[in-house]
$ cat my_file09.cif   # mmCIF, N, CA and C atoms
data_target
loop_
_atom_site.label_atom_id
_atom_site.label_comp_id
_atom_site.auth_asym_id
_atom_site.auth_seq_id
_atom_site.Cartn_x
_atom_site.Cartn_y
_atom_site.Cartn_z
N MET A 15 24.90 0.61 -94.03
CA MET A 15 26.15 0.53 -93.31
C MET A 15 25.84 0.24 -91.84
N ARG A 16 26.51 -0.71 -91.31
CA ARG A 16 26.29 -1.13 -89.93
C ARG A 16 27.42 -0.60 -89.06
N HIS A 17 27.05 -0.01 -87.91
CA HIS A 17 28.06 0.49 -86.97
C HIS A 17 28.11 -0.45 -85.77
N ARG A 18 29.29 -0.69 -85.32
CA ARG A 18 29.46 -1.56 -84.17
C ARG A 18 30.17 -0.79 -83.07
N LEU A 19 29.59 -0.88 -81.88
CA LEU A 19 30.21 -0.23 -80.73
C LEU A 19 31.25 -1.19 -80.17
N ARG A 20 32.46 -0.71 -80.09
CA ARG A 20 33.53 -1.56 -79.56
C ARG A 20 34.08 -0.91 -78.31
N LEU A 21 34.04 -1.64 -77.24
CA LEU A 21 34.63 -1.16 -75.99
C LEU A 21 36.00 -1.81 -75.83
N ARG A 22 36.93 -1.02 -75.57
CA ARG A 22 38.26 -1.56 -75.32
C ARG A 22 38.31 -2.11 -73.91
N HIS A 23 39.20 -3.05 -73.66
CA HIS A 23 39.26 -3.68 -72.35
C HIS A 23 39.54 -2.67 -71.25
N TRP A 24 40.33 -1.64 -71.52
CA TRP A 24 40.63 -0.64 -70.49
C TRP A 24 39.43 0.25 -70.21
N ALA A 25 38.50 0.37 -71.12
CA ALA A 25 37.30 1.19 -70.90
C ALA A 25 36.33 0.49 -69.95
N CYS A 26 36.37 -0.83 -69.90
CA CYS A 26 35.47 -1.59 -69.03
C CYS A 26 36.01 -1.73 -67.61
N ALA A 27 37.26 -1.48 -67.40
CA ALA A 27 37.88 -1.67 -66.09
C ALA A 27 37.18 -0.91 -64.97
N PRO A 28 36.85 0.39 -65.14
CA PRO A 28 36.17 1.09 -64.04
C PRO A 28 34.82 0.46 -63.68
N LEU A 29 34.10 -0.06 -64.65
CA LEU A 29 32.82 -0.70 -64.38
C LEU A 29 33.02 -1.96 -63.54
N ILE A 30 34.03 -2.72 -63.85
CA ILE A 30 34.32 -3.94 -63.10
C ILE A 30 34.76 -3.61 -61.69
N VAL A 31 35.61 -2.61 -61.52
CA VAL A 31 36.08 -2.20 -60.20
C VAL A 31 34.91 -1.74 -59.34
N VAL A 32 34.01 -0.95 -59.90
CA VAL A 32 32.84 -0.49 -59.14
C VAL A 32 31.98 -1.66 -58.72
N ALA A 33 31.73 -2.60 -59.61
CA ALA A 33 30.90 -3.76 -59.29
C ALA A 33 31.52 -4.59 -58.17
N PHE A 34 32.81 -4.87 -58.23
CA PHE A 34 33.47 -5.63 -57.18
C PHE A 34 33.54 -4.83 -55.90
N GLY A 35 33.74 -3.53 -55.99
CA GLY A 35 33.80 -2.68 -54.81
C GLY A 35 32.49 -2.69 -54.05
N LEU A 36 31.36 -2.63 -54.75
CA LEU A 36 30.06 -2.66 -54.09
C LEU A 36 29.82 -4.01 -53.42
N GLY A 37 30.25 -5.07 -54.07
CA GLY A 37 30.11 -6.39 -53.47
C GLY A 37 30.92 -6.52 -52.20
N SER A 38 32.09 -5.94 -52.19
CA SER A 38 32.95 -5.97 -51.02
C SER A 38 32.33 -5.20 -49.86
N VAL A 39 31.76 -4.05 -50.14
CA VAL A 39 31.11 -3.24 -49.10
C VAL A 39 29.91 -3.99 -48.54
N ARG A 40 29.13 -4.62 -49.40
CA ARG A 40 27.95 -5.37 -48.96
C ARG A 40 28.38 -6.54 -48.07
N ALA A 41 29.45 -7.22 -48.44
CA ALA A 41 29.95 -8.33 -47.63
C ALA A 41 30.44 -7.83 -46.27
N GLN A 42 31.13 -6.70 -46.27
CA GLN A 42 31.62 -6.11 -45.02
C GLN A 42 30.43 -5.73 -44.13
N GLU A 43 29.38 -5.19 -44.74
CA GLU A 43 28.17 -4.81 -44.00
C GLU A 43 27.54 -6.04 -43.35
N GLN A 44 27.40 -7.12 -44.09
CA GLN A 44 26.81 -8.34 -43.55
C GLN A 44 27.66 -8.93 -42.43
N ASP A 45 28.98 -8.88 -42.57
CA ASP A 45 29.88 -9.37 -41.52
C ASP A 45 29.71 -8.55 -40.25
N GLN A 46 29.64 -7.23 -40.38
CA GLN A 46 29.50 -6.35 -39.22
C GLN A 46 28.18 -6.64 -38.51
N ILE A 47 27.11 -6.81 -39.26
CA ILE A 47 25.80 -7.11 -38.66
C ILE A 47 25.84 -8.46 -37.96
N SER A 48 26.40 -9.47 -38.62
CA SER A 48 26.49 -10.81 -38.02
C SER A 48 27.26 -10.78 -36.71
N ASP A 49 28.35 -10.04 -36.70
CA ASP A 49 29.18 -9.95 -35.50
C ASP A 49 28.42 -9.33 -34.33
N CYS A 50 27.50 -8.41 -34.60
CA CYS A 50 26.83 -7.66 -33.53
C CYS A 50 25.47 -8.22 -33.11
N ARG A 51 24.98 -9.21 -33.79
CA ARG A 51 23.64 -9.75 -33.45
C ARG A 51 23.57 -10.27 -32.02
N VAL A 52 24.58 -10.98 -31.56
CA VAL A 52 24.56 -11.55 -30.21
C VAL A 52 24.52 -10.44 -29.16
N GLN A 53 25.38 -9.43 -29.34
CA GLN A 53 25.40 -8.32 -28.39
C GLN A 53 24.07 -7.57 -28.39
N ALA A 54 23.48 -7.39 -29.55
CA ALA A 54 22.18 -6.71 -29.64
C ALA A 54 21.12 -7.50 -28.88
N ALA A 55 21.10 -8.81 -29.06
CA ALA A 55 20.12 -9.65 -28.35
C ALA A 55 20.31 -9.56 -26.84
N GLN A 56 21.57 -9.52 -26.39
CA GLN A 56 21.84 -9.38 -24.96
C GLN A 56 21.32 -8.04 -24.42
N GLU A 57 21.50 -6.99 -25.20
CA GLU A 57 21.02 -5.67 -24.77
C GLU A 57 19.50 -5.60 -24.73
N ILE A 58 18.85 -6.24 -25.70
CA ILE A 58 17.39 -6.28 -25.71
C ILE A 58 16.89 -6.99 -24.45
N SER A 59 17.55 -8.08 -24.07
CA SER A 59 17.18 -8.79 -22.83
C SER A 59 17.45 -7.92 -21.61
N LYS A 60 18.59 -7.25 -21.62
CA LYS A 60 18.98 -6.39 -20.49
C LYS A 60 17.98 -5.25 -20.30
N LEU A 61 17.43 -4.75 -21.40
CA LEU A 61 16.43 -3.68 -21.32
C LEU A 61 15.07 -4.20 -20.86
N GLY A 62 14.89 -5.51 -20.85
CA GLY A 62 13.65 -6.11 -20.37
C GLY A 62 12.48 -5.99 -21.33
N VAL A 63 12.77 -5.89 -22.62
CA VAL A 63 11.68 -5.70 -23.59
C VAL A 63 11.55 -6.89 -24.56
N LYS A 64 12.28 -7.95 -24.31
CA LYS A 64 12.33 -9.07 -25.25
C LYS A 64 10.94 -9.62 -25.59
N ALA A 65 10.05 -9.70 -24.62
CA ALA A 65 8.72 -10.27 -24.86
C ALA A 65 7.87 -9.40 -25.79
N ASN A 66 8.21 -8.12 -25.93
CA ASN A 66 7.41 -7.19 -26.73
C ASN A 66 8.01 -6.87 -28.09
N VAL A 67 9.07 -7.54 -28.47
CA VAL A 67 9.75 -7.23 -29.74
C VAL A 67 8.90 -7.71 -30.92
N LYS A 68 8.61 -6.78 -31.83
CA LYS A 68 7.92 -7.12 -33.08
C LYS A 68 8.90 -7.29 -34.23
N ASP A 69 9.94 -6.43 -34.24
CA ASP A 69 10.90 -6.45 -35.35
C ASP A 69 12.23 -5.87 -34.88
N VAL A 70 13.31 -6.37 -35.45
CA VAL A 70 14.64 -5.84 -35.18
C VAL A 70 15.31 -5.59 -36.53
N SER A 71 15.80 -4.36 -36.73
CA SER A 71 16.49 -3.99 -37.98
C SER A 71 17.89 -3.53 -37.65
N TYR A 72 18.83 -3.90 -38.50
CA TYR A 72 20.23 -3.55 -38.31
C TYR A 72 20.69 -2.64 -39.44
N TYR A 73 21.37 -1.55 -39.08
CA TYR A 73 21.90 -0.60 -40.07
C TYR A 73 23.36 -0.31 -39.75
N VAL A 74 24.22 -0.57 -40.69
CA VAL A 74 25.64 -0.28 -40.50
C VAL A 74 25.86 1.22 -40.69
N LYS A 75 26.61 1.82 -39.77
CA LYS A 75 26.96 3.24 -39.85
C LYS A 75 28.28 3.34 -40.62
N TRP A 76 28.33 4.20 -41.62
CA TRP A 76 29.51 4.32 -42.47
C TRP A 76 30.17 5.68 -42.35
N VAL A 77 31.48 5.67 -42.42
CA VAL A 77 32.28 6.88 -42.57
C VAL A 77 32.97 6.71 -43.90
N GLY A 78 32.69 7.59 -44.82
CA GLY A 78 33.22 7.40 -46.16
C GLY A 78 32.45 6.28 -46.84
N HIS A 79 33.06 5.65 -47.81
CA HIS A 79 32.35 4.63 -48.57
C HIS A 79 32.81 3.21 -48.28
N ASN A 80 33.83 3.05 -47.43
CA ASN A 80 34.30 1.68 -47.21
C ASN A 80 34.73 1.39 -45.78
N ARG A 81 34.32 2.24 -44.82
CA ARG A 81 34.71 1.98 -43.43
C ARG A 81 33.51 2.19 -42.51
N SER A 82 33.15 1.16 -41.79
CA SER A 82 32.01 1.27 -40.88
C SER A 82 32.48 1.74 -39.50
N THR A 83 31.57 2.37 -38.78
CA THR A 83 31.87 2.81 -37.41
C THR A 83 31.05 2.02 -36.40
N GLY A 84 30.23 1.11 -36.88
CA GLY A 84 29.42 0.29 -35.99
C GLY A 84 28.05 0.01 -36.59
N VAL A 85 27.14 -0.37 -35.71
CA VAL A 85 25.80 -0.77 -36.13
C VAL A 85 24.76 -0.09 -35.26
N ASN A 86 23.69 0.40 -35.88
CA ASN A 86 22.52 0.87 -35.15
C ASN A 86 21.48 -0.24 -35.23
N VAL A 87 20.93 -0.60 -34.08
CA VAL A 87 19.91 -1.64 -34.00
C VAL A 87 18.59 -0.95 -33.64
N TRP A 88 17.60 -1.03 -34.53
CA TRP A 88 16.29 -0.43 -34.29
C TRP A 88 15.33 -1.55 -33.90
N VAL A 89 14.75 -1.41 -32.71
CA VAL A 89 13.86 -2.43 -32.16
C VAL A 89 12.44 -1.87 -32.12
N THR A 90 11.54 -2.50 -32.87
CA THR A 90 10.13 -2.12 -32.87
C THR A 90 9.40 -2.99 -31.86
N LEU A 91 8.66 -2.34 -30.97
CA LEU A 91 7.97 -3.04 -29.90
C LEU A 91 6.45 -2.92 -30.07
N ASP A 92 5.73 -3.87 -29.50
CA ASP A 92 4.27 -3.81 -29.61
C ASP A 92 3.61 -3.05 -28.46
N ASN A 93 4.38 -2.57 -27.49
CA ASN A 93 3.79 -1.89 -26.35
C ASN A 93 4.14 -0.40 -26.27
N CYS A 94 4.62 0.16 -27.38
CA CYS A 94 4.88 1.60 -27.43
C CYS A 94 4.87 2.05 -28.89
N ARG A 95 4.72 3.35 -29.09
CA ARG A 95 4.76 3.91 -30.44
C ARG A 95 6.14 4.51 -30.65
N GLY A 96 6.85 3.97 -31.62
CA GLY A 96 8.21 4.41 -31.89
C GLY A 96 9.14 3.21 -31.91
N ASP A 97 10.40 3.44 -31.60
CA ASP A 97 11.40 2.38 -31.61
C ASP A 97 12.42 2.62 -30.50
N LEU A 98 13.08 1.54 -30.11
CA LEU A 98 14.28 1.65 -29.28
C LEU A 98 15.46 1.55 -30.23
N VAL A 99 16.50 2.32 -29.98
CA VAL A 99 17.71 2.28 -30.81
C VAL A 99 18.88 1.93 -29.91
N ILE A 100 19.65 0.94 -30.32
CA ILE A 100 20.86 0.57 -29.61
C ILE A 100 22.02 0.83 -30.56
N GLU A 101 22.94 1.70 -30.16
CA GLU A 101 24.11 2.01 -30.99
C GLU A 101 25.29 1.19 -30.51
N LEU A 102 25.87 0.43 -31.44
CA LEU A 102 27.05 -0.40 -31.16
C LEU A 102 28.23 0.12 -31.97
N ASN A 103 29.44 0.07 -31.38
CA ASN A 103 30.63 0.47 -32.13
C ASN A 103 31.13 -0.70 -32.97
N ARG A 104 32.27 -0.54 -33.61
CA ARG A 104 32.82 -1.59 -34.49
C ARG A 104 33.10 -2.90 -33.76
N ALA A 105 33.40 -2.78 -32.45
CA ALA A 105 33.67 -3.97 -31.64
C ALA A 105 32.38 -4.53 -31.03
N CYS A 106 31.24 -4.00 -31.46
CA CYS A 106 29.91 -4.41 -30.99
C CYS A 106 29.69 -4.10 -29.52
N GLU A 107 30.37 -3.10 -29.00
CA GLU A 107 30.15 -2.63 -27.64
C GLU A 107 29.07 -1.56 -27.67
N VAL A 108 28.19 -1.60 -26.68
CA VAL A 108 27.09 -0.63 -26.63
C VAL A 108 27.64 0.76 -26.33
N GLN A 109 27.26 1.70 -27.18
CA GLN A 109 27.63 3.09 -26.97
C GLN A 109 26.49 3.87 -26.32
N GLU A 110 25.26 3.52 -26.73
CA GLU A 110 24.11 4.25 -26.24
C GLU A 110 22.84 3.48 -26.59
N ALA A 111 21.81 3.68 -25.79
CA ALA A 111 20.48 3.18 -26.11
C ALA A 111 19.50 4.30 -25.80
N TYR A 112 18.56 4.51 -26.71
CA TYR A 112 17.58 5.58 -26.52
C TYR A 112 16.31 5.22 -27.26
N GLY A 113 15.25 5.93 -26.94
CA GLY A 113 13.96 5.65 -27.55
C GLY A 113 13.49 6.77 -28.44
N HIS A 114 12.73 6.40 -29.46
CA HIS A 114 12.02 7.35 -30.32
C HIS A 114 10.55 7.22 -29.97
N GLY A 115 9.82 8.32 -30.11
CA GLY A 115 8.41 8.28 -29.74
C GLY A 115 8.30 8.05 -28.24
N ASP A 116 7.30 7.29 -27.84
CA ASP A 116 7.16 7.06 -26.39
C ASP A 116 7.88 5.79 -25.92
N CYS A 117 8.72 5.20 -26.77
CA CYS A 117 9.48 4.01 -26.37
C CYS A 117 10.62 4.34 -25.41
N GLY A 118 11.01 5.59 -25.33
CA GLY A 118 12.07 5.99 -24.41
C GLY A 118 11.72 5.71 -22.97
N ARG A 119 10.44 5.73 -22.66
CA ARG A 119 10.00 5.48 -21.28
C ARG A 119 10.30 4.05 -20.83
N LEU A 120 10.57 3.16 -21.78
CA LEU A 120 10.82 1.76 -21.45
C LEU A 120 12.26 1.49 -21.04
N ILE A 121 13.14 2.46 -21.25
CA ILE A 121 14.54 2.26 -20.86
C ILE A 121 14.66 2.55 -19.36
N PRO A 122 15.10 1.57 -18.60
CA PRO A 122 15.21 1.77 -17.14
C PRO A 122 16.17 2.92 -16.82
N GLU A 123 15.86 3.65 -15.76
CA GLU A 123 16.73 4.77 -15.36
C GLU A 123 18.11 4.29 -14.97
N THR A 124 18.22 3.04 -14.54
CA THR A 124 19.51 2.49 -14.12
C THR A 124 20.30 1.89 -15.27
N TYR A 125 19.72 1.90 -16.49
CA TYR A 125 20.40 1.31 -17.64
C TYR A 125 21.72 2.03 -17.90
N GLY A 126 22.77 1.25 -18.09
CA GLY A 126 24.09 1.80 -18.41
C GLY A 126 24.89 2.22 -17.19
N GLN A 127 24.36 2.00 -16.01
CA GLN A 127 25.11 2.40 -14.80
C GLN A 127 25.77 1.21 -14.16
#
$ encode --input "my_file09.cif" --output "structure tokens"
Amino acid sequence: MRHRLRLRHWACAPLIVVAFGLGSVRAQEQDQISDCRVQAAQEISKLGVKANVKDVSYYVKWVGHNRSTGVNVWVTLDNCRGDLVIELNRACEVQEAYGHGDCGRLIPETYGQ
């Protein structure tokens, strides 16, 4: 005797919604990062560390599962141990910049004034 698993169309609906929902969040994340890249590059130049940049990583900050609050930009430099972090809000305006490890010493005292 052969048994066949039959899924009704209504049983598959939650799986489809979840799949499309994740795609939507990923697209929103990419849009947020794209929008903030120019501002991040300007801040890196303003901090005077552009020549020492090894890597730049972007992380969208989320509240809940479908609303971002901005982007954190982690800048890895070749002249310090640690990273610089630039926090941008949803409008890509700089909220704060700070260093991890000894990279904090690279932020000018006059930065943000």
$ resolve_selection --input "my_file09.cif" --expression "the PyMOL selection byres (((chain A and resi 86 and name CA) around 8) and name CA)" --output "JSON list (two decimals) with N, CA and C atoms, keeping the file's coordinate frame"
[["chain", "number", "residue", "atom", "x", "y", "z"],
["A", 72, "TYR", "N", 18.83, -3.90, -38.50],
["A", 72, "TYR", "CA", 20.23, -3.55, -38.31],
["A", 72, "TYR", "C", 20.69, -2.64, -39.44],
["A", 73, "TYR", "N", 21.37, -1.55, -39.08],
["A", 73, "TYR", "CA", 21.90, -0.60, -40.07],
["A", 73, "TYR", "C", 23.36, -0.31, -39.75],
["A", 74, "VAL", "N", 24.22, -0.57, -40.69],
["A", 74, "VAL", "CA", 25.64, -0.28, -40.50],
["A", 74, "VAL", "C", 25.86, 1.22, -40.69],
["A", 75, "LYS", "N", 26.61, 1.82, -39.77],
["A", 75, "LYS", "CA", 26.96, 3.24, -39.85],
["A", 75, "LYS", "C", 28.28, 3.34, -40.62],
["A", 84, "GLY", "N", 30.23, 1.11, -36.88],
["A", 84, "GLY", "CA", 29.42, 0.29, -35.99],
["A", 84, "GLY", "C", 28.05, 0.01, -36.59],
["A", 85, "VAL", "N", 27.14, -0.37, -35.71],
["A", 85, "VAL", "CA", 25.80, -0.77, -36.13],
["A", 85, "VAL", "C", 24.76, -0.09, -35.26],
["A", 87, "VAL", "N", 20.93, -0.60, -34.08],
["A", 87, "VAL", "CA", 19.91, -1.64, -34.00],
["A", 87, "VAL", "C", 18.59, -0.95, -33.64],
["A", 88, "TRP", "N", 17.60, -1.03, -34.53],
["A", 88, "TRP", "CA", 16.29, -0.43, -34.29],
["A", 88, "TRP", "C", 15.33, -1.55, -33.90],
["A", 99, "VAL", "N", 16.50, 2.32, -29.98],
["A", 99, "VAL", "CA", 17.71, 2.28, -30.81],
["A", 99, "VAL", "C", 18.88, 1.93, -29.91],
["A", 100, "ILE", "N", 19.65, 0.94, -30.32],
["A", 100, "ILE", "CA", 20.86, 0.57, -29.61],
["A", 100, "ILE", "C", 22.02, 0.83, -30.56],
["A", 101, "GLU", "N", 22.94, 1.70, -30.16],
["A", 101, "GLU", "CA", 24.11, 2.01, -30.99],
["A", 101, "GLU", "C", 25.29, 1.19, -30.51],
["A", 102, "LEU", "N", 25.87, 0.43, -31.44],
["A", 102, "LEU", "CA", 27.05, -0.40, -31.16],
["A", 102, "LEU", "C", 28.23, 0.12, -31.97]]
$ closest_residue --input "my_file09.cif" --among "A:Lys64, A:Asp49, A:Trp76, A:Gln56" --to "Leu120 of chain A" --atoms "only C-alpha atoms"
A:Lys64
$ atom_distance --input "my_file09.cif" --atom1 "atom CA of His114 of chain A" --atom2 "atom C of Glu57 of chain A"
16.0 Å
$ atom_distance --input "my_file09.cif" --atom1 "atom CA of Arg104 of chain A" --atom2 "atom CA of Ser82 of chain A"
7.0 Å
$ resolve_selection --input "my_file09.cif" --expression "the PyMOL selection byres (((chain A and resi 61 and name CA) around 12) and name CA)" --output "PyMOL selection string"
chain A and resi 54-60+62-67+89+98-100+111-113+117-126
$ atom_distance --input "my_file09.cif" --atom1 "atom CA of Thr90 of chain A" --atom2 "atom CA of Lys68 of chain A"
5.5 Å
$ select_by_dssp --input "my_file09.cif" --residues "segment 43-127 of chain A" --states "strand (DSSP E or B)" --output "NGL selection string"
:A and (67-77 or 81-91 or 96-103 or 108-115)
$ closest_residue --input "my_file09.cif" --among "A:Gln109, A:Thr83, A:Asn93, A:Ser71" --to "Gln46 of chain A" --atoms "only C-alpha atoms"
A:Thr83
$ select_by_dssp --input "my_file09.cif" --residues "segment 33-99 of chain A" --states "helix (DSSP H, G or I)" --output "PyMOL selection string"
chain A and resi 33-60+64-66
